[in-house]
file upload.txt (compact mmCIF, C-alpha atoms and all ligand atoms)
# COMPACT_ATOMS: atom_id res chain seq x y z
CA MET A 912 -7.45 21.24 -1.41
CA ALA A 913 -11.24 21.17 -1.79
CA GLU A 914 -10.95 17.80 -3.49
CA HIS A 915 -8.75 16.56 -0.65
CA SER A 916 -11.15 17.68 2.10
CA SER A 917 -14.13 16.17 0.33
CA ARG A 918 -12.27 12.88 0.07
CA ALA A 919 -11.51 13.14 3.79
CA ALA A 920 -15.22 13.65 4.50
CA GLN A 921 -16.06 10.62 2.34
CA ILE A 922 -13.55 8.51 4.24
CA ASP A 923 -14.97 9.71 7.56
CA GLN A 924 -18.37 8.60 6.35
CA LEU A 925 -17.01 5.19 5.36
CA HIS A 926 -15.53 4.82 8.85
CA GLU A 927 -18.77 5.88 10.48
CA ARG A 928 -21.46 4.25 8.33
CA GLY A 929 -19.55 1.45 6.61
CA TYR A 930 -20.38 2.79 3.14
CA VAL A 931 -20.28 6.03 1.25
CA LEU A 932 -21.69 7.13 -2.08
CA VAL A 933 -19.39 9.24 -4.22
CA PRO A 934 -21.33 10.77 -7.11
CA ARG A 935 -19.80 10.91 -10.63
CA PHE A 936 -16.55 9.23 -9.62
CA VAL A 937 -16.01 7.83 -13.12
CA PRO A 938 -15.15 10.42 -15.78
CA ALA A 939 -17.69 10.60 -18.63
CA ASP A 940 -15.34 9.30 -21.36
CA ASP A 941 -14.30 6.34 -19.21
CA LEU A 942 -17.93 5.59 -18.43
CA ARG A 943 -18.77 5.48 -22.14
CA ALA A 944 -15.88 3.08 -22.80
CA LEU A 945 -16.80 0.91 -19.81
CA ASN A 946 -20.40 0.61 -20.96
CA GLU A 947 -19.33 -0.30 -24.48
CA ILE A 948 -16.83 -2.96 -23.33
CA ALA A 949 -19.29 -4.34 -20.75
CA ARG A 950 -21.79 -5.12 -23.50
CA VAL A 951 -19.11 -6.56 -25.80
CA GLN A 952 -17.88 -8.77 -22.96
CA LEU A 953 -21.35 -9.97 -22.04
CA ALA A 954 -22.08 -10.85 -25.69
CA ALA A 955 -18.74 -12.70 -26.03
CA ARG A 956 -19.34 -14.70 -22.83
CA ALA A 957 -15.67 -15.57 -22.51
CA PRO A 958 -14.72 -17.55 -19.39
CA PRO A 959 -14.31 -17.26 -16.46
CA ILE A 960 -18.04 -16.72 -15.89
CA GLU A 961 -20.28 -17.26 -12.88
CA PHE A 962 -23.85 -18.12 -13.84
CA GLU A 963 -26.93 -17.37 -11.77
CA ALA A 964 -27.72 -21.10 -11.79
CA ASP A 965 -24.36 -21.85 -10.11
CA LEU A 966 -25.27 -19.98 -6.92
CA GLN A 967 -28.93 -20.84 -6.59
CA TYR A 968 -29.80 -17.56 -4.89
CA PRO A 969 -33.52 -16.69 -4.70
CA GLY A 970 -34.87 -16.19 -8.22
CA ALA A 971 -32.07 -18.03 -10.02
CA PRO A 972 -32.82 -20.74 -12.60
CA SER A 973 -32.69 -24.22 -11.07
CA SER A 974 -29.81 -25.43 -13.26
CA ARG A 975 -27.74 -24.43 -16.25
CA SER A 976 -30.00 -26.55 -18.46
CA ALA A 977 -33.24 -24.95 -17.17
CA VAL A 978 -34.91 -22.01 -18.94
CA GLY A 979 -32.63 -19.01 -18.33
CA GLY A 980 -29.91 -21.33 -17.00
CA GLU A 981 -27.21 -19.59 -19.02
CA THR A 982 -27.89 -16.23 -17.37
CA VAL A 983 -24.59 -14.61 -16.44
CA ARG A 984 -24.14 -13.22 -12.94
CA ARG A 985 -20.47 -12.27 -12.97
CA LEU A 986 -17.88 -11.89 -15.70
CA LEU A 987 -14.90 -12.73 -13.53
CA ASP A 988 -11.32 -11.46 -13.64
CA ALA A 989 -12.31 -8.08 -15.07
CA CYS A 990 -8.77 -6.69 -15.06
CA ALA A 991 -7.55 -9.45 -17.35
CA ARG A 992 -10.56 -9.13 -19.67
CA ASP A 993 -9.97 -5.69 -21.02
CA PRO A 994 -7.54 -2.80 -20.38
CA VAL A 995 -10.54 -0.47 -19.96
CA PHE A 996 -11.63 -2.46 -16.90
CA ALA A 997 -8.04 -2.66 -15.61
CA ARG A 998 -7.60 1.11 -15.98
CA CYS A 999 -10.80 1.67 -14.02
CA GLY A 1000 -9.66 -0.57 -11.15
CA THR A 1001 -6.21 1.02 -10.95
CA ALA A 1002 -7.08 4.64 -11.79
CA HIS A 1003 -5.13 7.35 -9.99
CA ALA A 1004 -8.23 8.81 -8.34
CA LEU A 1005 -9.13 5.40 -6.97
CA ARG A 1006 -5.59 4.67 -5.83
CA ASP A 1007 -5.41 8.04 -4.06
CA TRP A 1008 -8.77 7.41 -2.38
CA MET A 1009 -7.76 3.97 -1.15
CA GLN A 1010 -4.32 5.16 -0.03
CA SER A 1011 -5.97 7.90 2.00
CA TYR A 1012 -8.27 5.35 3.62
CA PHE A 1013 -5.60 2.73 4.40
CA GLY A 1014 -2.76 5.21 5.06
CA GLU A 1015 -0.33 3.01 3.13
CA SER A 1016 0.24 1.35 -0.24
CA VAL A 1017 -2.73 -0.53 -1.57
CA LEU A 1018 -3.31 -3.81 -3.39
CA MET A 1019 -6.32 -5.12 -5.27
CA SER A 1020 -7.37 -8.66 -4.35
CA ARG A 1021 -8.15 -10.88 -7.32
CA ALA A 1022 -9.57 -13.67 -5.13
CA HIS A 1023 -13.09 -12.23 -5.21
CA HIS A 1024 -14.90 -9.36 -6.96
CA ASN A 1025 -12.63 -7.91 -9.67
CA CYS A 1026 -15.67 -8.57 -11.83
CA LEU A 1027 -18.37 -7.14 -14.00
CA MET A 1028 -21.66 -7.92 -12.28
CA THR A 1029 -24.69 -8.24 -14.49
CA LYS A 1030 -28.17 -8.38 -13.06
CA HIS A 1031 -30.67 -9.57 -15.62
CA PRO A 1032 -34.43 -9.09 -15.67
CA GLN A 1033 -36.37 -12.30 -14.98
CA PHE A 1034 -33.44 -14.62 -14.15
CA GLY A 1035 -31.19 -12.33 -12.09
CA SER A 1036 -31.27 -13.38 -8.44
CA MET A 1037 -31.63 -11.61 -5.13
CA THR A 1038 -28.57 -11.58 -2.86
CA SER A 1039 -29.43 -12.03 0.81
CA TRP A 1040 -27.85 -10.12 3.73
CA HIS A 1041 -24.17 -10.81 4.18
CA ARG A 1042 -20.76 -9.38 4.93
CA ASP A 1043 -18.21 -9.71 2.14
CA ILE A 1044 -15.56 -10.82 4.63
CA ARG A 1045 -17.06 -14.29 4.15
CA TYR A 1046 -15.19 -14.39 0.84
CA TRP A 1047 -11.76 -13.64 2.32
CA SER A 1048 -9.12 -14.56 4.93
CA PHE A 1049 -6.82 -11.68 5.75
CA GLU A 1050 -4.74 -10.79 8.79
CA ARG A 1051 -7.24 -8.05 9.64
CA GLU A 1052 -10.86 -7.62 8.62
CA ASP A 1053 -10.14 -4.40 6.82
CA LEU A 1054 -10.82 -4.45 3.10
CA VAL A 1055 -12.78 -1.92 1.08
CA SER A 1056 -14.72 -2.59 -2.10
CA VAL A 1057 -15.77 -0.09 -4.68
CA TRP A 1058 -18.93 -0.63 -6.69
CA PHE A 1059 -19.20 1.38 -9.91
CA ALA A 1060 -22.66 1.83 -11.39
CA LEU A 1061 -22.38 1.80 -15.18
CA GLY A 1062 -26.06 2.73 -15.46
CA GLU A 1063 -28.89 3.71 -13.12
CA GLU A 1064 -29.25 1.54 -10.01
CA ASN A 1065 -32.36 1.70 -7.89
CA VAL A 1066 -34.63 -0.58 -5.89
CA ASP A 1067 -36.51 -1.55 -9.06
CA ASN A 1068 -33.52 -2.96 -10.91
CA GLY A 1069 -31.77 -4.70 -8.03
CA ALA A 1070 -29.65 -2.03 -6.35
CA LEU A 1071 -27.64 -2.66 -3.21
CA TRP A 1072 -29.01 -2.13 0.30
CA PHE A 1073 -26.71 -1.38 3.24
CA VAL A 1074 -27.17 -1.46 7.02
CA PRO A 1075 -25.53 1.73 8.32
CA ALA A 1076 -22.72 1.18 10.86
CA SER A 1077 -23.10 -2.61 10.67
CA HIS A 1078 -19.35 -2.97 9.98
CA ARG A 1079 -18.83 -2.06 13.64
CA MET A 1080 -21.47 -4.42 15.05
CA ALA A 1081 -20.39 -7.63 16.78
CA PHE A 1082 -22.55 -10.70 16.14
CA ASP A 1083 -22.39 -14.22 17.49
CA ALA A 1084 -21.86 -16.82 14.78
CA ASP A 1085 -25.42 -18.13 15.13
CA ARG A 1086 -26.82 -14.88 13.77
CA PHE A 1087 -25.60 -16.15 10.37
CA ASP A 1088 -26.52 -19.37 8.54
CA GLU A 1089 -24.02 -22.00 7.29
CA ALA A 1090 -23.37 -19.99 4.13
CA LYS A 1091 -22.74 -16.91 6.32
CA PHE A 1092 -25.91 -15.11 5.33
CA PHE A 1093 -27.34 -12.94 8.11
CA ARG A 1094 -30.51 -14.74 9.20
CA ALA A 1095 -33.53 -12.58 8.39
CA ASP A 1096 -35.77 -15.01 10.34
CA ARG A 1097 -34.21 -13.97 13.66
CA ALA A 1098 -36.13 -11.13 15.36
CA GLU A 1099 -32.98 -9.37 16.59
CA ASN A 1100 -31.57 -9.47 13.04
CA ALA A 1101 -34.82 -8.20 11.52
CA GLY A 1102 -34.62 -5.09 13.70
CA ILE A 1103 -31.17 -4.36 12.30
CA ILE A 1104 -32.14 -5.06 8.70
CA TYR A 1105 -35.05 -2.65 9.15
CA THR A 1106 -32.56 0.24 9.35
CA ALA A 1107 -31.10 -0.47 5.88
CA ALA A 1108 -31.02 2.05 3.06
CA SER A 1109 -30.59 1.67 -0.68
CA PRO A 1110 -28.66 4.56 -2.21
CA ARG A 1111 -29.92 5.39 -5.68
CA LEU A 1112 -26.96 5.39 -8.08
CA ALA A 1113 -26.55 7.38 -11.27
CA PRO A 1114 -24.24 6.20 -14.07
CA GLY A 1115 -20.62 6.72 -13.00
CA ASP A 1116 -21.39 6.89 -9.28
CA ALA A 1117 -19.29 4.81 -6.89
CA VAL A 1118 -20.16 3.24 -3.56
CA PHE A 1119 -17.25 2.41 -1.29
CA PHE A 1120 -18.07 -0.14 1.40
CA HIS A 1121 -16.27 -2.01 4.16
CA CYS A 1122 -15.91 -5.79 4.08
CA ASN A 1123 -17.95 -6.09 7.29
CA THR A 1124 -20.87 -3.92 6.18
CA LEU A 1125 -24.09 -5.92 5.94
CA HIS A 1126 -25.59 -5.58 2.49
CA SER A 1127 -28.02 -7.25 0.14
CA ALA A 1128 -29.52 -6.64 -3.28
CA GLY A 1129 -32.91 -7.21 -4.84
CA ARG A 1130 -34.01 -8.68 -8.15
CA ASN A 1131 -34.11 -6.74 -11.38
CA LEU A 1132 -37.73 -5.86 -12.13
CA SER A 1133 -36.86 -3.60 -15.05
CA ASN A 1134 -36.52 -4.58 -18.71
CA SER A 1135 -32.79 -4.10 -19.06
CA VAL A 1136 -29.61 -5.65 -17.72
CA LYS A 1137 -27.90 -3.74 -14.91
CA PHE A 1138 -24.10 -3.53 -15.24
CA SER A 1139 -21.76 -2.82 -12.31
CA LEU A 1140 -18.01 -3.12 -11.94
CA VAL A 1141 -16.66 -4.19 -8.53
CA PHE A 1142 -13.12 -4.25 -7.09
CA THR A 1143 -11.70 -4.82 -3.59
CA TYR A 1144 -8.57 -3.42 -1.94
CA HIS A 1145 -6.48 -3.80 1.19
CA GLY A 1146 -3.41 -2.19 2.71
CA LEU A 1147 0.10 -3.60 2.25
CA SER A 1148 0.37 -4.42 5.98
CA ASN A 1149 -2.75 -6.60 5.80
CA PRO A 1150 -1.81 -9.56 3.58
CA PRO A 1151 -4.00 -12.58 2.78
CA LYS A 1152 -3.44 -15.54 5.10
CA PRO A 1153 -1.05 -18.01 3.48
CA GLY A 1154 -2.65 -21.13 2.07
CA THR A 1155 -6.15 -19.61 1.84
CA ARG A 1156 -8.17 -18.84 -1.27
CA SER A 1157 -7.41 -15.16 -0.64
CA ALA A 1158 -3.71 -15.89 -1.24
CA SER A 1159 -4.34 -18.02 -4.33
CA LYS A 1160 -3.95 -15.31 -6.97
CA PRO A 1161 -1.25 -12.67 -7.39
CA GLU A 1162 -2.60 -9.28 -6.35
CA ILE A 1163 -2.46 -6.03 -8.28
CA GLU A 1164 -0.45 -3.28 -6.66
CA LEU A 1165 -1.75 0.24 -7.13
CA LYS A 1166 1.60 1.82 -7.82
CA PRO A 1167 2.58 5.31 -6.71
CA ALA A 1168 1.97 8.08 -9.24
CA ARG A 1169 5.25 8.19 -11.17
CA ALA A 1170 5.47 4.42 -11.78
CA ASN A 1171 1.80 3.88 -12.63
CA HIS A 1172 0.96 3.92 -16.35
CA ALA A 1173 -2.40 2.20 -15.96
CA GLY A 1174 -4.68 4.91 -14.64
O1 LIG V 1201 -25.92 -7.39 -6.95
C1 LIG V 1201 -26.05 -8.23 -6.07
O2 LIG V 1201 -26.86 -9.14 -6.16
C2 LIG V 1201 -25.21 -8.12 -4.82
C3 LIG V 1201 -23.85 -8.66 -4.96
C4 LIG V 1201 -23.11 -8.69 -3.65
O3 LIG V 1201 -23.56 -8.24 -2.64
C5 LIG V 1201 -21.82 -9.31 -3.60
O4 LIG V 1201 -21.33 -9.75 -4.64
O5 LIG V 1201 -21.23 -9.37 -2.51
call {"tool": "encode", "arguments": {"input": "upload.txt", "output": "C-alpha cells", "more": "lines below"}}
Ligand SMILES: O=C(O)CCC(=O)C(=O)O
result
Amino acid sequence: MAEHSSRAAQIDQLHERGYVLVPRFVPADDLRALNEIARVQLAARAPPIEFEADLQYPGAPSSRSAVGGETVRRLLDACARDPVFARCGTAHALRDWMQSYFGESVLMSRAHHNCLMTKHPQFGSMTSWHRDIRYWSFEREDLVSVWFALGEENVDNGALWFVPASHRMAFDADRFDEAKFFRADRAENAGIIYTAASPRLAPGDAVFFHCNTLHSAGRNLSNSVKFSLVFTYHGLSNPPKPGTRSASKPEIELKPARANHAG
C-alpha cells in the first residue's frame, strides 16, 4: 500500500511538473549487470550506433574522420542488444508504474530512445532545449520516457536539465528553430529556461518525463563516460500515426503480470 501511494505521488508530480525523480528504481543486482553489459556493448561497438559526429550538436567532432569522430552517442535498439537491457525496459515495476500513469496497457516505442546513451568527456556534445515529441507522431502528445542513470549524473558530467511544468505550456511554432530546438536567443524563452533545474542522479535512479517537457543536457567535463539507459512508452489507445517513422518498427507490449516472463 505504501509503495502504491508513493507511486501515486510520483505520478502526480509527473502530471504537475512534467518530470519526476524516483531514487533507486533499479535493483542493485540489475544495476551491476546493466553497468557490465553497457561497457561490453560500448567496447563491441555493434551497429546500430549513432555517433556524436552524425548530429553535430555543440561540442561534437566535425565529422566521423575528424579527431574523436568515432565517439559514440547512442547504442541504438537496446532491447535487441542484450536481454539485460530488455529486462530493464520491460520490468514489472516499470510496467506497473507506466500502467498507473496511462490507466491502460502500455507499449514501448522502438522508433526513438530504446537506447544506451553514452556521454563522453571531450567529444560528447551538449543537447539544446527541446521537447522529445519532435521525434514522434502519435494520436495524442502523451508519451513518457524513463531515463535510468547507470552511474552518477550531475551538472559536471552532462546531466539533464528540465523546465518544470513546461509540458503544459503552449508555444507558437516560432519559439522553436527548424530543428525544433527551443530558441534560447528569444527573450521570452530565456525567462522560461531560467527556471530549469538539473536533478542530481545517483546510480540506479530513474527520471520519468513527459514528451512535451522542455529539457537539455550539458557536456561531460569529467574524466569518465556517463552511461544512461532510456526508454519511451505510450498507452494502447494512443497509437503511432500510420505511415510515420513512429509506426515504422513493431512496438514492445508490456504484458500483464502472468504472461510476462521478461521482467
Ligand atoms: O544526454 C543528452 O545529451 C540529452 C539527450 C536528450 O535529451 C534526448 O535524447 O532527447
call {"tool": "residues_near_point", "arguments": {"input": "upload.txt", "point": "(-22.5, -11.0, 15.1)", "cutoff": "12 Å", "atoms": "all atoms listed in the file", "output": "PyMOL selection string"}}
result
chain A and resi 1041-1042+1077-1088+1091-1094+1099-1100+1103+1123-1125
call {"tool": "closest_residue", "arguments": {"input": "upload.txt", "among": "A:Glu1063, A:Asp1053, A:Asp1007, A:Glu1015", "to": "Asn946 in chain A", "atoms": "all atoms listed in the file"}}
result
A:Glu1063
call {"tool": "axis_aligned_box", "arguments": {"input": "upload.txt", "around": "ligand LIG 1201 (chain V)", "padding_each_side": "5 Å", "output": "lines of an AutoDock Vina configuration file"}}
result
center_x = -24.0
center_y = -8.6
center_z = -4.7
size_x = 15.6
size_y = 12.4
size_z = 14.4
call {"tool": "residues_around", "arguments": {"input": "upload.txt", "residues": "range 955-972 of chain A", "least_positions_apart": "6", "cutoff": "8 Å", "atoms": "all atoms listed in the file", "output": "ChimeraX atom specification"}}
result
/A:978-988,1033-1039,1130
call {"tool": "residues_around", "arguments": {"input": "upload.txt", "residues": "Ala1108 in chain A", "least_positions_apart": "4", "cutoff": "8 Å", "atoms": "only C-alpha atoms", "output": "PyMOL selection string"}}
result
chain A and resi 1072-1075
call {"tool": "write_last_selection", "arguments": {"input": "upload.txt", "atoms": "C-alpha atoms", "output": "compact mmCIF listing (two decimals), keeping the file's coordinate frame"}}
result
# COMPACT_ATOMS: atom_id res chain seq x y z
CA TRP A 1072 -29.01 -2.13 0.30
CA PHE A 1073 -26.71 -1.38 3.24
CA VAL A 1074 -27.17 -1.46 7.02
CA PRO A 1075 -25.53 1.73 8.32
call {"tool": "residues_around", "arguments": {"input": "upload.txt", "residues": "range 1134-1150 of chain A", "least_positions_apart": "4", "cutoff": "6 Å", "atoms": "all atoms listed in the file", "output": "list in words"}}
result
Phe1013, Ser1016, Val1017, Leu1018, Met1019, Ser1020, His1024, Asn1025, Cys1026, Leu1027, Met1028, Thr1029, Lys1030, His1031, Pro1032, Phe1049, Glu1050, Leu1054, Val1055, Ser1056, Val1057, Trp1058, Phe1059, Ala1060 and Leu1061 of chain A
call {"tool": "closest_residue", "arguments": {"input": "upload.txt", "among": "A:Ser1157, A:His1023, A:Val951, A:Trp1040", "to": "Ala1090 in chain A", "atoms": "only C-alpha atoms"}}
result
A:Trp1040
call {"tool": "atom_distance", "arguments": {"input": "upload.txt", "atom1": "CA of Ala997 in chain A", "atom2": "CA of Pro1161 in chain A"}}
result
14.6 Å
call {"tool": "residues_near_point", "arguments": {"input": "upload.txt", "point": "(-12.0, 3.9, 7.5)", "cutoff": "9 Å", "atoms": "all atoms listed in the file", "output": "JSON, numbers by chain"}}
result
{"A": [922, 923, 924, 925, 926, 927, 929, 1012, 1013, 1053, 1055, 1121]}
call {"tool": "closest_residue", "arguments": {"input": "upload.txt", "among": "A:Thr1155, A:Thr1106, A:Ser1133, A:Asn1068", "to": "ligand LIG 1201 (chain V)", "atoms": "all atoms listed in the file"}}
result
A:Asn1068
call {"tool": "closest_residue", "arguments": {"input": "upload.txt", "among": "A:Ser1109, A:Ser1159, A:Ser976, A:Thr1001", "to": "ligand LIG 1201 (chain V)", "atoms": "only C-alpha atoms and all ligand atoms"}}
result
A:Ser1109
call {"tool": "atom_distance", "arguments": {"input": "upload.txt", "atom1": "CA of Asn1065 in chain A", "atom2": "CA of Gly1129 in chain A"}}
result
9.4 Å
call {"tool": "closest_residue", "arguments": {"input": "upload.txt", "among": "A:Phe1120, A:Ser1048, A:Asp1043, A:Gly1115", "to": "ligand LIG 1201 (chain V)", "atoms": "only C-alpha atoms and all ligand atoms"}}
result
A:Asp1043
call {"tool": "closest_residue", "arguments": {"input": "upload.txt", "among": "A:Ala1004, A:Cys990, A:Ala1070, A:Ala977", "to": "ligand LIG 1201 (chain V)", "atoms": "all atoms listed in the file"}}
result
A:Ala1070
call {"tool": "decode", "arguments": {"input": "upload.txt", "residues": "range 1043-1057 of chain A", "atoms": "N, CA and C atoms", "output": "PDB file, in the first residue's frame"}}
result
ATOM      1  N   ASP A1043      10.795  16.133 -26.538  1.00  0.00           N
ATOM      2  CA  ASP A1043      11.011  14.887 -27.275  1.00  0.00           C
ATOM      3  C   ASP A1043       9.893  14.578 -28.268  1.00  0.00           C
ATOM      4  N   ILE A1044       8.766  15.248 -28.171  1.00  0.00           N
ATOM      5  CA  ILE A1044       7.680  14.984 -29.106  1.00  0.00           C
ATOM      6  C   ILE A1044       8.149  15.229 -30.547  1.00  0.00           C
ATOM      7  N   ARG A1045       9.218  16.002 -30.694  1.00  0.00           N
ATOM      8  CA  ARG A1045       9.732  16.235 -32.054  1.00  0.00           C
ATOM      9  C   ARG A1045      10.159  14.938 -32.738  1.00  0.00           C
ATOM     10  N   TYR A1046      10.425  13.905 -31.937  1.00  0.00           N
ATOM     11  CA  TYR A1046      10.850  12.630 -32.522  1.00  0.00           C
ATOM     12  C   TYR A1046       9.677  11.772 -32.993  1.00  0.00           C
ATOM     13  N   TRP A1047       8.443  12.107 -32.554  1.00  0.00           N
ATOM     14  CA  TRP A1047       7.327  11.169 -32.728  1.00  0.00           C
ATOM     15  C   TRP A1047       6.091  11.788 -33.371  1.00  0.00           C
ATOM     16  N   SER A1048       5.228  10.920 -33.905  1.00  0.00           N
ATOM     17  CA  SER A1048       3.890  11.318 -34.376  1.00  0.00           C
ATOM     18  C   SER A1048       2.886  10.298 -33.837  1.00  0.00           C
ATOM     19  N   PHE A1049       2.178  10.712 -32.818  1.00  0.00           N
ATOM     20  CA  PHE A1049       1.171   9.842 -32.209  1.00  0.00           C
ATOM     21  C   PHE A1049      -0.182  10.550 -32.222  1.00  0.00           C
ATOM     22  N   GLU A1050      -1.234   9.815 -32.006  1.00  0.00           N
ATOM     23  CA  GLU A1050      -2.576  10.399 -31.976  1.00  0.00           C
ATOM     24  C   GLU A1050      -2.651  11.514 -30.939  1.00  0.00           C
ATOM     25  N   ARG A1051      -2.069  11.271 -29.780  1.00  0.00           N
ATOM     26  CA  ARG A1051      -2.051  12.294 -28.725  1.00  0.00           C
ATOM     27  C   ARG A1051      -0.605  12.504 -28.264  1.00  0.00           C
ATOM     28  N   GLU A1052      -0.317  13.727 -27.831  1.00  0.00           N
ATOM     29  CA  GLU A1052       1.033  14.013 -27.347  1.00  0.00           C
ATOM     30  C   GLU A1052       1.136  13.571 -25.886  1.00  0.00           C
ATOM     31  N   ASP A1053       1.109  12.280 -25.713  1.00  0.00           N
ATOM     32  CA  ASP A1053       1.167  11.740 -24.358  1.00  0.00           C
ATOM     33  C   ASP A1053       2.029  10.473 -24.352  1.00  0.00           C
ATOM     34  N   LEU A1054       3.311  10.691 -24.259  1.00  0.00           N
ATOM     35  CA  LEU A1054       4.276   9.601 -24.108  1.00  0.00           C
ATOM     36  C   LEU A1054       5.149   9.943 -22.902  1.00  0.00           C
ATOM     37  N   VAL A1055       5.654   8.916 -22.269  1.00  0.00           N
ATOM     38  CA  VAL A1055       6.520   9.141 -21.101  1.00  0.00           C
ATOM     39  C   VAL A1055       7.809   8.345 -21.297  1.00  0.00           C
ATOM     40  N   SER A1056       8.921   9.025 -21.078  1.00  0.00           N
ATOM     41  CA  SER A1056      10.223   8.351 -21.146  1.00  0.00           C
ATOM     42  C   SER A1056      10.748   8.116 -19.740  1.00  0.00           C
ATOM     43  N   VAL A1057      11.557   7.077 -19.633  1.00  0.00           N
ATOM     44  CA  VAL A1057      12.261   6.868 -18.369  1.00  0.00           C
ATOM     45  C   VAL A1057      13.754   6.843 -18.675  1.00  0.00           C
TER      46      VAL A1057
END
